[in-house]
file structure09.csv (CSV, C-alpha atoms and all ligand atoms)
chain,number,residue,atom,x,y,z
G,1270,MET,CA,-19.6,47.5,2.4
G,1271,LYS,CA,-20.5,48.5,-1.2
G,1272,LYS,CA,-21.5,45.7,-3.5
G,1273,ARG,CA,-18.5,46.3,-5.8
G,1274,THR,CA,-16.0,46.3,-2.9
G,1275,PHE,CA,-17.6,43.1,-1.6
G,1276,ILE,CA,-17.2,41.3,-4.9
G,1277,LYS,CA,-13.7,42.6,-5.4
G,1278,SER,CA,-12.5,41.4,-1.9
G,1279,GLY,CA,-14.2,38.1,-2.4
G,1280,LEU,CA,-12.4,37.5,-5.7
G,1281,LEU,CA,-9.1,38.5,-4.1
G,1282,ALA,CA,-9.6,36.0,-1.2
G,1283,MET,CA,-10.4,33.3,-3.7
G,1284,GLY,CA,-7.4,34.1,-5.8
G,1285,ALA,CA,-5.2,34.0,-2.7
G,1286,LEU,CA,-6.6,30.6,-1.8
G,1287,LEU,CA,-6.0,29.2,-5.2
G,1288,THR,CA,-2.4,30.4,-5.4
G,1289,THR,CA,-1.4,29.2,-2.0
G,1290,ARG,CA,-3.1,25.8,-2.2
G,1291,LYS,CA,-0.4,23.1,-2.9
G,1292,SER,CA,-1.1,19.9,-4.5
G,1293,TYR,CA,0.2,16.7,-2.9
G,1294,PRO,CA,0.6,13.2,-4.3
G,1295,LEU,CA,-2.0,10.8,-2.9
G,1296,GLU,CA,-0.5,9.1,0.2
G,1297,TYR,CA,-1.5,5.6,1.0
G,1298,TYR,CA,-1.4,6.1,4.7
G,1299,PRO,CA,-4.5,4.4,6.0
G,1300,MET,CA,-2.9,4.1,9.5
G,1301,PRO,CA,-0.5,6.9,10.5
G,1302,SER,CA,2.3,5.6,12.7
G,1303,ASP,CA,5.4,6.9,14.5
G,1304,ARG,CA,7.3,4.1,12.8
G,1305,LYS,CA,8.2,5.4,9.4
G,1306,TRP,CA,8.0,2.7,6.8
G,1307,ALA,CA,8.1,3.1,3.0
G,1308,VAL,CA,7.5,0.5,0.2
G,1309,VAL,CA,9.1,1.6,-3.1
G,1310,TYR,CA,8.3,-0.2,-6.3
G,1311,GLY,CA,9.0,-0.2,-10.0
G,1312,THR,CA,6.2,-1.3,-12.3
G,1313,TRP,CA,5.1,-1.3,-15.9
G,1314,CYS,CA,1.5,-2.6,-15.7
G,1315,GLY,CA,0.6,-2.2,-12.0
G,1316,SER,CA,0.8,-5.7,-10.5
G,1317,SER,CA,3.8,-4.6,-8.4
G,1318,ARG,CA,1.8,-1.5,-7.2
G,1319,ASP,CA,-0.9,-3.9,-6.0
G,1320,ALA,CA,1.7,-6.1,-4.4
G,1321,SER,CA,3.2,-3.1,-2.6
G,1322,LEU,CA,-0.2,-1.8,-1.3
G,1323,TRP,CA,-0.9,-5.3,0.0
G,1324,ILE,CA,2.5,-5.5,1.6
G,1325,SER,CA,1.7,-2.3,3.5
G,1326,GLU,CA,-1.8,-3.7,4.3
G,1327,GLY,CA,0.0,-6.7,5.9
G,1328,MET,CA,1.8,-4.1,8.1
G,1329,ASP,CA,-1.6,-2.8,9.2
G,1330,GLY,CA,-1.3,0.0,6.6
G,1331,ILE,CA,1.6,1.9,8.3
G,1332,ALA,CA,3.9,1.9,5.3
G,1333,ASN,CA,3.6,4.7,2.7
G,1334,VAL,CA,3.7,3.2,-0.8
G,1335,PHE,CA,5.6,5.0,-3.6
G,1336,ASP,CA,6.0,4.3,-7.3
G,1337,VAL,CA,9.7,4.9,-7.9
G,1338,ARG,CA,8.8,7.4,-10.7
G,1339,GLU,CA,7.4,9.7,-7.9
G,1340,ASN,CA,11.1,10.0,-6.9
G,1341,PRO,CA,10.2,9.8,-3.2
G,1342,ASP,CA,12.4,11.5,-0.6
G,1343,LEU,CA,13.2,8.7,1.8
G,1344,SER,CA,15.2,10.7,4.3
G,1345,ALA,CA,12.2,10.8,6.7
G,1346,TYR,CA,11.8,7.0,6.6
G,1347,GLN,CA,13.5,4.6,9.0
G,1348,HIS,CA,12.6,1.4,7.2
G,1349,VAL,CA,12.3,0.7,3.5
G,1350,ILE,CA,11.1,-2.3,1.5
G,1351,ILE,CA,12.0,-2.2,-2.1
G,1352,GLY,CA,11.2,-4.3,-5.2
G,1353,GLY,CA,9.2,-4.5,-8.4
G,1354,ALA,CA,8.3,-6.0,-11.7
G,1355,ILE,CA,10.7,-8.1,-13.7
G,1356,ARG,CA,11.1,-7.8,-17.4
G,1357,ALA,CA,13.9,-9.7,-19.2
G,1358,GLY,CA,15.2,-10.7,-15.7
G,1359,LYS,CA,15.5,-7.2,-14.3
G,1360,VAL,CA,13.6,-4.6,-12.5
G,1361,SER,CA,12.8,-1.3,-14.3
G,1362,GLN,CA,15.7,1.0,-15.2
G,1363,GLU,CA,14.0,3.7,-13.1
G,1364,LEU,CA,14.2,1.5,-10.0
G,1365,GLN,CA,17.8,0.5,-10.8
G,1366,ASP,CA,18.8,4.2,-11.2
G,1367,PHE,CA,16.9,5.1,-8.0
G,1368,ILE,CA,18.7,2.5,-6.0
G,1369,ALA,CA,22.1,3.4,-7.5
G,1370,ALA,CA,21.6,7.1,-6.6
G,1371,ARG,CA,20.6,6.3,-3.0
G,1372,LYS,CA,22.8,3.4,-2.0
G,1373,ASP,CA,24.2,5.2,1.1
G,1374,LEU,CA,20.8,6.2,2.4
G,1375,LEU,CA,19.2,2.9,1.7
G,1376,LYS,CA,22.1,0.8,3.2
G,1377,THR,CA,21.0,1.2,6.8
G,1378,ARG,CA,17.2,1.4,6.2
G,1379,LEU,CA,16.5,-1.5,3.9
G,1380,ARG,CA,14.4,-4.2,5.6
G,1381,GLY,CA,13.1,-6.4,2.7
G,1382,TYR,CA,13.1,-7.1,-1.0
G,1383,PHE,CA,10.4,-8.4,-3.4
G,1384,ALA,CA,10.1,-9.2,-7.0
G,1385,VAL,CA,6.9,-9.7,-9.1
G,1386,CYS,CA,7.4,-11.9,-12.1
G,1387,GLY,CA,5.6,-14.2,-14.5
G,1388,ASN,CA,8.0,-17.2,-14.3
G,1389,MET,CA,6.1,-18.7,-17.3
G,1390,MET,CA,3.1,-19.2,-14.9
G,1391,LYS,CA,5.1,-21.8,-12.9
G,1392,PRO,CA,5.4,-21.7,-9.1
G,1393,VAL,CA,8.4,-19.9,-7.8
G,1394,GLY,CA,11.1,-21.4,-5.6
G,1395,PRO,CA,14.6,-20.9,-4.3
G,1396,GLU,CA,16.0,-20.6,-7.8
G,1397,GLN,CA,13.9,-17.5,-8.5
G,1398,THR,CA,14.9,-16.0,-5.1
G,1399,LYS,CA,18.6,-16.4,-6.0
G,1400,LEU,CA,18.2,-15.1,-9.5
G,1401,LEU,CA,15.9,-12.1,-8.9
G,1402,ILE,CA,16.6,-11.2,-5.3
G,1403,ASP,CA,20.1,-12.3,-4.2
G,1404,ASP,CA,21.8,-11.9,-7.6
G,1405,HIS,CA,19.8,-8.9,-8.7
G,1406,ILE,CA,17.9,-6.6,-6.3
G,1407,ALA,CA,20.0,-7.3,-3.3
G,1408,ALA,CA,23.1,-7.0,-5.4
G,1409,LEU,CA,22.0,-3.6,-6.8
G,1410,CYS,CA,21.4,-2.4,-3.2
G,1411,GLY,CA,24.6,-4.0,-1.9
G,1412,VAL,CA,22.8,-5.3,1.2
G,1413,PRO,CA,22.5,-9.1,1.2
G,1414,GLY,CA,20.5,-11.4,3.5
G,1415,LEU,CA,17.3,-9.4,4.1
G,1416,PRO,CA,13.8,-11.0,4.2
G,1417,SER,CA,12.5,-11.4,0.6
G,1418,LYS,CA,9.7,-12.8,-1.5
G,1419,VAL,CA,9.2,-13.4,-5.2
G,1420,PHE,CA,5.5,-13.1,-6.2
G,1421,LEU,CA,3.9,-14.3,-9.3
G,1422,GLY,CA,2.3,-11.4,-11.2
G,1423,ARG,CA,-0.1,-10.7,-14.1
G,1424,ILE,CA,-0.3,-10.3,-17.8
G,1425,THR,CA,-2.9,-7.8,-18.9
G,1426,TYR,CA,-2.6,-6.9,-22.6
G,1427,GLY,CA,-4.7,-3.8,-22.4
G,1428,LEU,CA,-2.1,-2.2,-20.0
G,1429,MET,CA,0.9,-2.9,-22.2
G,1430,GLU,CA,2.8,-0.7,-24.6
G,1431,PRO,CA,1.5,-1.6,-28.1
G,1432,ASP,CA,4.9,-3.0,-29.3
G,1433,VAL,CA,5.3,-5.1,-26.1
G,1434,ARG,CA,1.7,-6.4,-26.4
G,1435,LYS,CA,2.4,-7.4,-30.0
G,1436,GLN,CA,5.6,-9.1,-29.0
G,1437,MET,CA,4.0,-11.0,-26.1
G,1438,GLN,CA,1.0,-12.0,-28.2
G,1439,GLY,CA,3.4,-13.3,-30.8
G,1440,TYR,CA,4.7,-15.7,-28.2
G,1441,LYS,CA,1.1,-16.9,-27.7
G,1442,MET,CA,1.3,-15.8,-24.0
G,1443,PRO,CA,-2.2,-15.9,-22.5
G,1444,GLU,CA,-3.4,-13.3,-20.1
G,1445,TYR,CA,-3.1,-14.5,-16.5
G,1446,ASP,CA,-3.5,-13.3,-12.9
G,1447,ASN,CA,-1.4,-15.2,-10.4
G,1448,LEU,CA,-0.8,-12.4,-7.9
G,1449,LYS,CA,-2.3,-13.3,-4.6
G,1450,ARG,CA,-3.1,-10.8,-1.9
G,1451,PRO,CA,-2.6,-13.2,1.1
G,1452,GLY,CA,1.0,-13.9,0.2
G,1453,CYS,CA,1.7,-10.1,0.0
G,1454,LEU,CA,0.0,-9.5,3.4
G,1455,GLU,CA,2.0,-12.3,5.0
G,1456,PHE,CA,5.3,-10.9,3.7
G,1457,GLY,CA,4.5,-7.4,5.0
G,1458,LYS,CA,3.6,-8.8,8.4
G,1459,MET,CA,6.7,-11.0,8.5
G,1460,VAL,CA,9.0,-8.0,7.7
G,1461,LEU,CA,7.3,-5.8,10.2
G,1462,GLN,CA,7.6,-8.4,13.0
G,1463,GLY,CA,11.3,-8.7,12.4
G,1464,ILE,CA,11.8,-5.0,13.2
G,1465,LYS,CA,10.5,-3.9,16.6
G,1466,VAL,CA,11.2,-0.2,16.6
G,1501,LIG,C1,8.0,-7.7,-21.9
G,1501,LIG,C2,7.9,-8.6,-20.7
G,1501,LIG,C3,9.0,-9.2,-20.2
G,1501,LIG,C4,8.9,-10.0,-19.1
G,1501,LIG,N1,10.0,-10.7,-18.7
G,1501,LIG,C5,9.9,-11.5,-17.6
G,1501,LIG,C6,11.1,-12.3,-17.2
G,1501,LIG,O1,12.2,-12.1,-17.7
G,1501,LIG,N2,10.9,-13.1,-16.2
G,1501,LIG,C7,9.7,-13.3,-15.6
G,1501,LIG,O2,9.6,-14.2,-14.7
G,1501,LIG,N3,8.6,-12.6,-15.9
G,1501,LIG,C8,8.7,-11.7,-16.9
G,1501,LIG,N4,7.6,-11.0,-17.3
G,1501,LIG,C9,6.3,-11.1,-16.6
G,1501,LIG,C10,6.2,-9.9,-15.6
G,1501,LIG,O3,7.2,-9.9,-14.7
G,1501,LIG,C11,4.8,-10.0,-15.0
G,1501,LIG,O4,3.8,-9.8,-15.9
G,1501,LIG,C12,4.6,-8.9,-13.9
G,1501,LIG,O5,3.4,-9.2,-13.2
G,1501,LIG,C13,4.7,-7.5,-14.4
G,1501,LIG,O6,4.6,-6.6,-13.3
G,1501,LIG,P1,3.9,-5.2,-13.4
G,1501,LIG,O7,2.4,-5.4,-13.7
G,1501,LIG,O8,4.1,-4.6,-12.1
G,1501,LIG,O9,4.6,-4.5,-14.5
G,1501,LIG,C14,7.6,-10.2,-18.4
G,1501,LIG,C15,6.5,-9.5,-18.9
G,1501,LIG,C16,6.6,-8.7,-20.0
G,1501,LIG,C17,5.4,-8.0,-20.5
call {"tool": "encode", "arguments": {"input": "structure09.csv", "output": "structure tokens"}}
result
Amino acid sequence: MKKRTFIKSGLLAMGALLTTRKSYPLEYYPMPSDRKWAVVYGTWCGSSRDASLWISEGMDGIANVFDVRENPDLSAYQHVIIGGAIRAGKVSQELQDFIAARKDLLKTRLRGYFAVCGNMMKPVGPEQTKLLIDDHIAALCGVPGLPSKVFLGRITYGLMEPDVRKQMQGYKMPEYDNLKRPGCLEFGKMVLQGIKV
């Protein structure tokens, strides 16, 4: 083969490779499984992402974990855990809209709910479960009575929108980190154990 033809065909092959290669979002699937589980979360500053990954970890890593802003297609998932961060008593608008648009699909696949909140750094109890899960997330989904957990989260000023940071600092709110991995693992394990297939 002539040198020029060789270079030309090499470049063509590289071009074909570059144009056909698709990019995929990173999938947190440490342990592939026939049981198709998804954890979908809404977050502002990421503590709910960590909670979601740890929930999956508690399920031996079989659940794929999605930020709701990825707009995941859940049709291939049999089992879904849904939840997220709380601001002004509510999950993010993106999560609310996601749930509203998929109520029918979610109805038969929802297996658990969670919320991540500050609760003024005080321990959470049945009152927060009623407020944030029963009267809010479960009500949005229209499926009551599923296993659920309210986790304490974090305040990290460096991750906040500047106006929100200013507002929170104005309240003299200190930074804190009350999210605990063992509680998230335990919740994931508990939800998985309740569903055998
Ligand atoms: C602007 C703002 C509003 C908040 N509102 C509430 C609230 O109403 N109730 C609550 O318990 N925690 C509230 N929190 C605390 C958050 O729920 C907590 O920081 C959580 O870990 C955030 O989750 P994320 O890191 O996934 O966004 C608020 C935090 C911020 C910054």
call {"tool": "residues_near_ligand", "arguments": {"input": "structure09.csv", "ligand": "ligand LIG 1501 (chain G)", "cutoff": "10 Å", "atoms": "only C-alpha atoms and all ligand atoms", "output": "VMD selection string"}}
result
chain G and resid 1310 to 1321 1352 to 1361 1384 to 1391 1393 1397 1401 1419 to 1426 1428 to 1430 1432 to 1438 1442 1444 to 1448
call {"tool": "atom_distance", "arguments": {"input": "structure09.csv", "atom1": "atom CA of Ile1331 of chain G", "atom2": "atom CA of Arg1450 of chain G"}}
result
17.0 Å
call {"tool": "residues_near_point", "arguments": {"input": "structure09.csv", "point": "(15.6, -13.9, 0.9)", "cutoff": "10 Å", "atoms": "all atoms listed in the file", "output": "list of chain:residue names"}}
result
G:Gly1381, G:Tyr1382, G:Phe1383, G:Pro1395, G:Thr1398, G:Lys1399, G:Leu1401, G:Ile1402, G:Asp1403, G:Ala1407, G:Pro1413, G:Gly1414, G:Leu1415, G:Pro1416, G:Ser1417, G:Lys1418, G:Val1419
call {"tool": "atom_distance", "arguments": {"input": "structure09.csv", "atom1": "atom CA of Val1349 of chain G", "atom2": "atom CA of Val1309 of chain G"}}
result
7.4 Å
call {"tool": "atom_distance", "arguments": {"input": "structure09.csv", "atom1": "atom CA of Ile1324 of chain G", "atom2": "atom CA of Ala1307 of chain G"}}
result
10.4 Å
call {"tool": "closest_residue", "arguments": {"input": "structure09.csv", "among": "G:Ile1350, G:Leu1461, G:Ile1406, G:Leu1454", "to": "Gln1362 of chain G", "atoms": "all atoms listed in the file"}}
result
G:Ile1406
call {"tool": "residues_around", "arguments": {"input": "structure09.csv", "residues": "Asp1329 of chain G", "least_positions_apart": "3", "cutoff": "12 Å", "atoms": "only C-alpha atoms", "output": "list in words"}}
result
Tyr1297, Tyr1298, Pro1299, Met1300, Pro1301, Ser1302, Arg1304, Trp1306, Leu1322, Trp1323, Ile1324, Ser1325, Glu1326, Ala1332, Asn1333, Leu1454, Glu1455, Phe1456, Gly1457, Lys1458, Met1459, Val1460, Leu1461 and Gln1462 of chain G
call {"tool": "closest_residue", "arguments": {"input": "structure09.csv", "among": "G:Phe1335, G:Phe1367, G:Pro1443, G:Cys1410", "to": "Arg1380 of chain G", "atoms": "all atoms listed in the file"}}
result
G:Cys1410
call {"tool": "residues_around", "arguments": {"input": "structure09.csv", "residues": "Gly1411 of chain G", "least_positions_apart": "6", "cutoff": "12 Å", "atoms": "only C-alpha atoms", "output": "PDB file with C-alpha atoms, keeping the file's coordinate frame"}}
result
ATOM      1  CA  ILE G1368      18.700   2.500  -6.000  1.00  0.00           C
ATOM      2  CA  ALA G1369      22.100   3.400  -7.500  1.00  0.00           C
ATOM      3  CA  ARG G1371      20.600   6.300  -3.000  1.00  0.00           C
ATOM      4  CA  LYS G1372      22.800   3.400  -2.000  1.00  0.00           C
ATOM      5  CA  ASP G1373      24.200   5.200   1.100  1.00  0.00           C
ATOM      6  CA  LEU G1374      20.800   6.200   2.400  1.00  0.00           C
ATOM      7  CA  LEU G1375      19.200   2.900   1.700  1.00  0.00           C
ATOM      8  CA  LYS G1376      22.100   0.800   3.200  1.00  0.00           C
ATOM      9  CA  THR G1377      21.000   1.200   6.800  1.00  0.00           C
ATOM     10  CA  LEU G1379      16.500  -1.500   3.900  1.00  0.00           C
ATOM     11  CA  TYR G1382      13.100  -7.100  -1.000  1.00  0.00           C
ATOM     12  CA  ILE G1402      16.600 -11.200  -5.300  1.00  0.00           C
ATOM     13  CA  ASP G1403      20.100 -12.300  -4.200  1.00  0.00           C
ATOM     14  CA  ASP G1404      21.800 -11.900  -7.600  1.00  0.00           C
ATOM     15  CA  HIS G1405      19.800  -8.900  -8.700  1.00  0.00           C
TER      16      HIS G1405
END
call {"tool": "closest_residue", "arguments": {"input": "structure09.csv", "among": "G:Leu1400, G:Ala1370, G:Met1328, G:Ile1464", "to": "Asp1342 of chain G", "atoms": "all atoms listed in the file"}}
result
G:Ala1370
call {"tool": "closest_residue", "arguments": {"input": "structure09.csv", "among": "G:Val1337, G:Val1308, G:Val1412, G:Val1466", "to": "Asp1366 of chain G", "atoms": "only C-alpha atoms"}}
result
G:Val1337
